[in-house]
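Asker: Please see the structure below; I have some questions.
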Amino acid sequence: MSESINADRGLTYPGNLGCPGCGASIAINHALKGLGEKTVLVIPACCFAIMAGPYPMTALKVPILHTAFATAAVSAAGVRAGLDMQGDTETTVVAWAGDGGTFDIGIQSLSGTAERNDDIIFVCYDNEAYMNTGVQRSSATPYGTRTTTTPGAGWKRTRKKNIMEIMAAHRIPYAATANIAFPDDFIRKFAKAREMRGGTRFIHVFSSCPTGWGVASSLAIKIARLATRSNIFPLYEIENGTDWTLNLEGDLPVGDYLGAQGRFRHLTPEDLEQIQQEVDADLALIQERVAATRVRKAHLKPET
Amino acid sequence: MRQVLEGSHAISEAVRLAKVQVVAGYPITPQTHIIEAISQHCADGSLKARFIPVESEHSSMAAVIGAAATGVRTFTATSSHGLALMHEVLHWASAARLPIVMGEVNRALGPGWNIWMDQSDSLAQRDTGWIQLYCEDAQDALDTTLIAFRLAETVNLPAMVVIDAFYVSHTFEPVDVPDQETVDRFLPPLEPRFRIDVDHPQALYPMVGPAFFMEMRRSIQDGMEAAGPAFDAIAGEFESVFGRRHSAVETVGCEDADLVLVTTGSVTSTARLVVAQQREQGKRVGLCKIKQFRPFPAEMIRAVLGSAPRVAVIDRNVSFGSGGIFAREIQGALCPLEQRPAVYSYIAGLGGRDITPETIAEVLRLAEETPAPEAESRWVGLNPDVKP
Ligand SMILES: Cc1ncc(C[n+]2csc(CCOP(=O)(O)OP(=O)(O)O)c2C)c(N)n1
Ligand code: SF4
Ligand SMILES: [Mg+2]
């Protein structure tokens, strides 16, 4: 383990209202290590709004502004404006939302904030469904998933929305994926986002949910690691919406990841094969963009 | 300095003079002139504020909530559909106890699309915990906006300054625009009672269970109850600084009146004329303008209207299935009295239909001629030839 992980800055109190093994709980620990104590968190309705503690308690040692479900990004933009007007440009303002608060109900205000390029970090901890209300599907729910609103034979037949492409299309300075099972990479990206300042930075965090996914809480990290190793959740960064970097390439088939979870148990070998093809194609697209970025950068180099 | 301003710019001038620090805005007719003017002030440096051009009114309110939580003075403005879209976050602002001030231009809600005067938009938000102050003209709008900042910051509740679509928002009138020094004397910089502070971290507005929730709601009610006397005190100070008197309830010749007409907004100006004419004709008619709708000035209403035999209320709004909203509130306020006036409720001027001196004269005639009020509100000015 690296030094950064051992050097626990202790910005969370021990214990919160999350389920055992909740990925979001692990995610906030990693995130605050990269962000530091001069951070304000803006949290809309989501599991984390509950995990952060009921009045008069708090699970975190940084200020929190709880906000309405659809408003994470713009509330953070408002906090930013208020701090700026008082001469505080040092504090980092971070919106911390679930996939529902990012991909669905929060996307309008997120898009507006990104278009204005307001100086905030938007973090989506993605557990691929509306967990707080009891595991209903969201537009971040992947193809093949059973949720309480895509139950039984009605499992989800449409793909997961590609939020990274959407954010890249806003040409924001920084967008990155991060996974709780890769803490070094995770913390590096949060620290990098913090240091960048001056525009909207977006971090898409893979955050396992043992309760909603039908996996043992002891497997929260293992499942998360499999998501990246099977290329279902590749780790990559996009700067200025155009410069792509792939941080890690997976080496396992999707079946290893899908087969370990209750929410995918009904899938047939044919379904797995179809998902494998889509995952391969998605990875190939990222690789193409990474290659294109390299070519473009080589052209831009001044002649020697 | 006296200037000729439209009502929208009376508000934007007040916002400039109030040295607001963060403004969020989204366009909707007839509110646009307010945020356009403020954008201009921010652009040319006459107001040192951050203007956030958001992508919806829901976001306008969320943005100023975020900013206000850091302890800065904030403003936004909207109308009609924009206000309706804000509904969720209006509750958030008041329960968050943030002294946000909002300009609200009364306009009808569709369908069908109608950009004209109608109070249904603001009155539909009456239970959101916002102070609501209605203005009669441009000067009233400027003065009320300045008072609203003081009031909101005194009781830590958000305040809506409401003006009529077009009749006030787009009408040019001479307005006394005070100088900065005088305004500074009346409205000092905001001293927030709490704010987001990384050196003193705390969680604002987390989940609250049944053990604490009721007390929190009670404290909003307490804040509202304090807002009544606070308005009177602040209006008193305003008068001593600027020489203009404003009150939650204003009366003209109510003491000896057989019939008191109750109005809000710009209709009051028309009513002043009609009432004066009828007085000249020897009729004992009075006029009562309600400026402050939330908190509802029930005690003042009882004091002013309690001894009148008849009261006629003009509502430029309707609560479907109930009636005119001001009339219903007044009836409620008068209820504790043993001897109550007969309250006649009239609905008029919806969706920008003019309320002319003739309309008002008809209302007064109907109230005089009808021995006892009907249970339902009476609609005046309906055209029998229009069959929707
Ligand atoms: C306007 C509005 N609609 C619905 C809800 C109910 N609600 C609260 S949390 C939630 C689900 C949140 O899902 P997500 O953002 O993915 O976070 P998670 O709970 O999964 O961590 C919903 C639907 C709400 N609070 N506000
Ligand atoms: S339901 Fe899932 S996301 Fe929510 S607290 Fe439990 S494990 Fe975490
Ligand atoms: Mg979720």
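Here's how to read the names in the structure tokens: chain A, B, ... by the order shown, residue numbers from 1 in each chain, ligand numbers from 1 in the order shown.
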Do you know which residues are at most 8 Å from Leu60 of chain A counting only C-alpha atoms, after dropping those on the same chain fewer than 6 positions away, and could you put them as a short mmCIF file (atom, residue, chain, number, x, y, z; two decimals) with N, CA, C and O atoms, in the first residue's frame?
Answerer:
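part_9.cif, freshly written:
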```
data_model
loop_
_atom_site.label_atom_id
_atom_site.label_comp_id
_atom_site.auth_asym_id
_atom_site.auth_seq_id
_atom_site.Cartn_x
_atom_site.Cartn_y
_atom_site.Cartn_z
N LEU A 11 -10.71 12.63 7.86
CA LEU A 11 -11.77 13.62 7.64
C LEU A 11 -13.16 13.00 7.74
O LEU A 11 -14.16 13.66 7.50
N THR A 12 -13.21 11.71 8.07
CA THR A 12 -14.50 11.09 8.35
C THR A 12 -14.47 10.57 9.78
O THR A 12 -13.42 10.15 10.27
N TYR A 13 -15.62 10.59 10.41
CA TYR A 13 -15.72 9.96 11.73
C TYR A 13 -15.91 8.47 11.54
O TYR A 13 -16.45 8.04 10.52
N ALA A 52 -24.53 10.41 5.72
CA ALA A 52 -23.78 11.53 6.28
C ALA A 52 -24.26 11.89 7.68
O ALA A 52 -23.63 12.69 8.36
#
```
Asker: Check every residue of chain A for an atom within 7 Å of chain B, counting only C-alpha atoms, and provide those that qualify as a ChimeraX atom specification.
Answerer: /A:38-40,49-50,53-55,58,61-66,68,71,74-79,81-83,85,109,112
Asker: Hey, what does DSSP flag as strand (DSSP E) within segment 174-354 of chain B? Can you give it to me as a ChimeraX atom specification?
Answerer: /B:174-176,203-204,249-252,259-263,285-290,292-294,310-315,342-347
Asker: Could you list, as a PyMOL selection string, all the residues within 6 Å of ligand 1, counting only C-alpha atoms and all ligand atoms?
Answerer: chain A and resi 45-48+69+97-101+127+129-133
Asker: Counting only C-alpha atoms and all ligand atoms, what are the residues, protein, DNA or RNA alike, that approach ligand 2 to within 6 Å? I want them as a list in words.
Answerer: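 Residues lying within 6 Å of ligand 2: Gly18, Cys19, Cys22, Ala24, Cys47, Met131, Asn132, Cys209, Pro210, Thr211 and Gly212 of chain A.
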Asker: Could you turn the residues from that selection into a file that holds N, CA, C and O atoms, as an mmCIF file, in the first residue's frame?
Answerer:
```
data_model
loop_
_atom_site.group_PDB
_atom_site.id
_atom_site.type_symbol
_atom_site.label_atom_id
_atom_site.label_comp_id
_atom_site.auth_asym_id
_atom_site.auth_seq_id
_atom_site.Cartn_x
_atom_site.Cartn_y
_atom_site.Cartn_z
ATOM 1 N N GLY A 18 -24.403 3.899 6.452
ATOM 2 C CA GLY A 18 -24.397 3.038 5.278
ATOM 3 C C GLY A 18 -24.492 1.570 5.648
ATOM 4 O O GLY A 18 -24.191 1.171 6.772
ATOM 5 N N CYS A 19 -24.901 0.747 4.660
ATOM 6 C CA CYS A 19 -24.916 -0.695 4.895
ATOM 7 C C CYS A 19 -23.466 -1.168 5.032
ATOM 8 O O CYS A 19 -22.549 -0.534 4.510
ATOM 9 N N CYS A 22 -20.685 -0.819 2.079
ATOM 10 C CA CYS A 22 -21.153 0.170 1.102
ATOM 11 C C CYS A 22 -19.974 0.845 0.398
ATOM 12 O O CYS A 22 -19.077 1.396 1.038
ATOM 13 N N ALA A 24 -19.961 3.561 -1.249
ATOM 14 C CA ALA A 24 -19.959 5.018 -1.094
ATOM 15 C C ALA A 24 -19.183 5.434 0.146
ATOM 16 O O ALA A 24 -18.540 6.487 0.184
ATOM 17 N N CYS A 47 -28.432 7.863 -1.088
ATOM 18 C CA CYS A 47 -28.038 7.105 0.100
ATOM 19 C C CYS A 47 -27.095 7.920 0.963
ATOM 20 O O CYS A 47 -27.163 7.917 2.184
ATOM 21 N N MET A 131 -30.764 3.521 -5.102
ATOM 22 C CA MET A 131 -30.641 2.617 -3.970
ATOM 23 C C MET A 131 -31.416 3.122 -2.761
ATOM 24 O O MET A 131 -32.074 2.358 -2.068
ATOM 25 N N ASN A 132 -31.354 4.411 -2.528
ATOM 26 C CA ASN A 132 -31.979 4.958 -1.327
ATOM 27 C C ASN A 132 -33.468 4.668 -1.268
ATOM 28 O O ASN A 132 -34.044 4.505 -0.195
ATOM 29 N N CYS A 209 -22.631 -1.625 -4.334
ATOM 30 C CA CYS A 209 -23.755 -1.594 -3.404
ATOM 31 C C CYS A 209 -24.173 -3.033 -3.124
ATOM 32 O O CYS A 209 -24.982 -3.609 -3.843
ATOM 33 N N PRO A 210 -23.583 -3.628 -2.095
ATOM 34 C CA PRO A 210 -23.897 -5.024 -1.794
ATOM 35 C C PRO A 210 -25.403 -5.262 -1.655
ATOM 36 O O PRO A 210 -25.933 -6.246 -2.157
ATOM 37 N N THR A 211 -26.092 -4.327 -1.027
ATOM 38 C CA THR A 211 -27.525 -4.483 -0.780
ATOM 39 C C THR A 211 -28.321 -4.533 -2.083
ATOM 40 O O THR A 211 -29.213 -5.367 -2.249
ATOM 41 N N GLY A 212 -28.007 -3.634 -3.002
ATOM 42 C CA GLY A 212 -28.787 -3.545 -4.229
ATOM 43 C C GLY A 212 -28.335 -4.507 -5.315
ATOM 44 O O GLY A 212 -29.059 -4.748 -6.272
#
```
Asker: Env of Val123 of chain A: 7 Å cut, atoms = only C-alpha atoms, seq-sep filter 4 positions within chain, self excluded. Answer as a PyMOL selection string.
Answerer: chain A and resi 95-97+202-204
Asker: How would the residues just picked look written out with N, CA and C atoms as a PDB file, in the first residue's frame?
Answerer:
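Done, and the output landed in out.pdb:
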```
ATOM      1  N   ALA A  95     -19.633  18.697  -5.359  1.00  0.00           N
ATOM      2  CA  ALA A  95     -20.964  18.079  -5.361  1.00  0.00           C
ATOM      3  C   ALA A  95     -20.762  16.573  -5.316  1.00  0.00           C
ATOM      4  N   TRP A  96     -21.533  15.919  -4.475  1.00  0.00           N
ATOM      5  CA  TRP A  96     -21.355  14.476  -4.248  1.00  0.00           C
ATOM      6  C   TRP A  96     -22.731  13.822  -4.427  1.00  0.00           C
ATOM      7  N   ALA A  97     -22.963  13.274  -5.604  1.00  0.00           N
ATOM      8  CA  ALA A  97     -24.305  12.789  -5.933  1.00  0.00           C
ATOM      9  C   ALA A  97     -24.277  11.337  -6.372  1.00  0.00           C
ATOM     10  N   PHE A 202     -15.161  16.616 -13.364  1.00  0.00           N
ATOM     11  CA  PHE A 202     -16.172  15.577 -13.151  1.00  0.00           C
ATOM     12  C   PHE A 202     -15.480  14.254 -12.865  1.00  0.00           C
ATOM     13  N   ILE A 203     -15.884  13.592 -11.794  1.00  0.00           N
ATOM     14  CA  ILE A 203     -15.300  12.278 -11.493  1.00  0.00           C
ATOM     15  C   ILE A 203     -16.425  11.257 -11.328  1.00  0.00           C
ATOM     16  N   HIS A 204     -16.340  10.238 -12.151  1.00  0.00           N
ATOM     17  CA  HIS A 204     -17.339   9.176 -12.165  1.00  0.00           C
ATOM     18  C   HIS A 204     -16.782   7.995 -11.371  1.00  0.00           C
TER      19      HIS A 204
END
```
Asker: When DSSP is applied to the backbone of this structure, which of segment 5-169 of chain A are assigned alpha helix (DSSP H)? Write them out as a ChimeraX atom specification.
Answerer: /A:5-6,23-35,47-51,72-85,107-116,163-169
Asker: Which neighbours of Ile166 of chain A fall inside 10 Å, counting only C-alpha atoms, when residues of the same chain fewer than 3 positions from it are skipped, and could you give them as a list of chain:residue names?
Answerer: A:Phe103, A:Ile107, A:Ser111, A:Lys161, A:Asn162, A:Ile163, A:Ala169, A:His170, A:Arg171, A:Gly241
Asker: Export N, CA and C atoms of the chosen residues as an mmCIF file, in the first residue's frame?
Answerer:
```
data_model
loop_
_atom_site.group_PDB
_atom_site.id
_atom_site.type_symbol
_atom_site.label_atom_id
_atom_site.label_comp_id
_atom_site.auth_asym_id
_atom_site.auth_seq_id
_atom_site.Cartn_x
_atom_site.Cartn_y
_atom_site.Cartn_z
ATOM 1 N N PHE A 103 -27.106 11.224 -13.568
ATOM 2 C CA PHE A 103 -27.523 10.817 -14.915
ATOM 3 C C PHE A 103 -28.956 11.248 -15.223
ATOM 4 N N ILE A 107 -29.201 15.905 -14.196
ATOM 5 C CA ILE A 107 -28.362 16.144 -15.380
ATOM 6 C C ILE A 107 -28.543 17.546 -15.947
ATOM 7 N N SER A 111 -25.419 19.834 -16.458
ATOM 8 C CA SER A 111 -25.049 20.314 -17.789
ATOM 9 C C SER A 111 -24.912 21.834 -17.798
ATOM 10 N N LYS A 161 -26.400 4.737 -19.781
ATOM 11 C CA LYS A 161 -26.056 6.015 -20.423
ATOM 12 C C LYS A 161 -24.557 6.280 -20.256
ATOM 13 N N ASN A 162 -23.924 6.797 -21.287
ATOM 14 C CA ASN A 162 -22.485 7.078 -21.179
ATOM 15 C C ASN A 162 -22.267 8.511 -20.688
ATOM 16 N N ILE A 163 -22.198 8.634 -19.379
ATOM 17 C CA ILE A 163 -22.112 9.971 -18.773
ATOM 18 C C ILE A 163 -20.772 10.634 -19.072
ATOM 19 N N ALA A 169 -18.365 16.041 -23.832
ATOM 20 C CA ALA A 169 -18.960 16.899 -24.866
ATOM 21 C C ALA A 169 -19.107 18.343 -24.399
ATOM 22 N N HIS A 170 -19.088 18.543 -23.077
ATOM 23 C CA HIS A 170 -19.116 19.913 -22.550
ATOM 24 C C HIS A 170 -17.734 20.564 -22.602
ATOM 25 N N ARG A 171 -16.723 19.784 -22.986
ATOM 26 C CA ARG A 171 -15.338 20.281 -23.069
ATOM 27 C C ARG A 171 -14.871 20.866 -21.738
ATOM 28 N N GLY A 241 -12.091 17.618 -22.721
ATOM 29 C CA GLY A 241 -13.089 16.936 -23.539
ATOM 30 C C GLY A 241 -12.526 16.190 -24.727
#
```
Asker: For Asp222 of chain B, work out the shell of residues within 12 Å, counting only C-alpha atoms and skipping chain neighbours fewer than 6 positions away, then give it as a list in words.
Answerer: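 My reading of the contact set: Arg97, Gly129, Val155, Asn156, Leu157, Glu215, Met216, Gly228, Pro229 and Pro295 of chain B.
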Asker: Which distance in Å separates atom CA of Ala70 of chain A and atom CA of Thr149 of chain A, to one decimal?
Answerer: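 Calculated distance between atom CA of Ala70 of chain A and atom CA of Thr149 of chain A is 20.7 Å.
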Asker: Within 9 Å of Gly381 of chain B, counting only C-alpha atoms, which residues show up once you throw out same-chain ones fewer than 6 positions away? Write them as a list in words, please.
Answerer: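 Counting only the stated atoms, we get Ile347, Ala348, Gly349, Arg353, Ile355 and Thr359 of chain B.
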Asker: Keeping only all heavy atoms, take the residues you just selected and write them out as a short mmCIF file (atom, residue, chain, number, x, y, z; two decimals), in the first residue's frame.
Answerer:
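Contents of result.cif, as written:
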```cif
data_model
loop_
_atom_site.label_atom_id
_atom_site.label_comp_id
_atom_site.auth_asym_id
_atom_site.auth_seq_id
_atom_site.Cartn_x
_atom_site.Cartn_y
_atom_site.Cartn_z
N ILE B 347 -64.08 38.00 -7.99
CA ILE B 347 -62.92 37.60 -8.79
C ILE B 347 -62.96 38.40 -10.09
O ILE B 347 -63.99 38.45 -10.76
CB ILE B 347 -62.94 36.09 -9.05
CG1 ILE B 347 -62.62 35.39 -7.72
CG2 ILE B 347 -61.94 35.69 -10.13
CD1 ILE B 347 -62.81 33.93 -7.70
N ALA B 348 -61.84 39.04 -10.37
CA ALA B 348 -61.81 39.92 -11.54
C ALA B 348 -60.40 39.99 -12.11
O ALA B 348 -59.43 39.69 -11.42
CB ALA B 348 -62.26 41.33 -11.14
N GLY B 349 -60.32 40.35 -13.38
CA GLY B 349 -59.02 40.70 -13.97
C GLY B 349 -58.05 39.56 -14.12
O GLY B 349 -56.84 39.76 -14.08
N ARG B 353 -56.95 40.64 -17.91
CA ARG B 353 -58.15 41.44 -18.23
C ARG B 353 -58.12 42.69 -17.35
O ARG B 353 -57.87 42.60 -16.15
CB ARG B 353 -59.40 40.62 -17.95
CG ARG B 353 -60.67 41.36 -18.36
CD ARG B 353 -61.83 40.40 -18.53
NE ARG B 353 -61.56 39.39 -19.57
CZ ARG B 353 -62.44 38.47 -19.95
NH1 ARG B 353 -63.63 38.42 -19.38
NH2 ARG B 353 -62.13 37.60 -20.87
N ILE B 355 -58.89 45.67 -14.98
CA ILE B 355 -59.84 46.05 -13.94
C ILE B 355 -59.95 47.58 -14.03
O ILE B 355 -59.05 48.30 -13.59
CB ILE B 355 -59.39 45.59 -12.55
CG1 ILE B 355 -59.30 44.05 -12.53
CG2 ILE B 355 -60.36 46.08 -11.47
CD1 ILE B 355 -58.92 43.46 -11.18
N THR B 359 -65.19 48.52 -13.56
CA THR B 359 -65.22 47.21 -12.89
C THR B 359 -65.34 47.42 -11.38
O THR B 359 -66.13 46.75 -10.70
CB THR B 359 -63.91 46.42 -13.17
OG1 THR B 359 -63.54 46.58 -14.52
CG2 THR B 359 -64.05 44.96 -12.81
#
```
Asker: Go ahead and compute the interatomic distance for atom CA of Ser319 of chain B and atom CA of Ala227 of chain B, in Å to one decimal.
Answerer: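 The value is 25.4 Å.
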Asker: So what do you get for atom CA of Glu374 of chain B versus atom CA of Pro336 of chain B, distance-wise?
Answerer: 20.2 Å
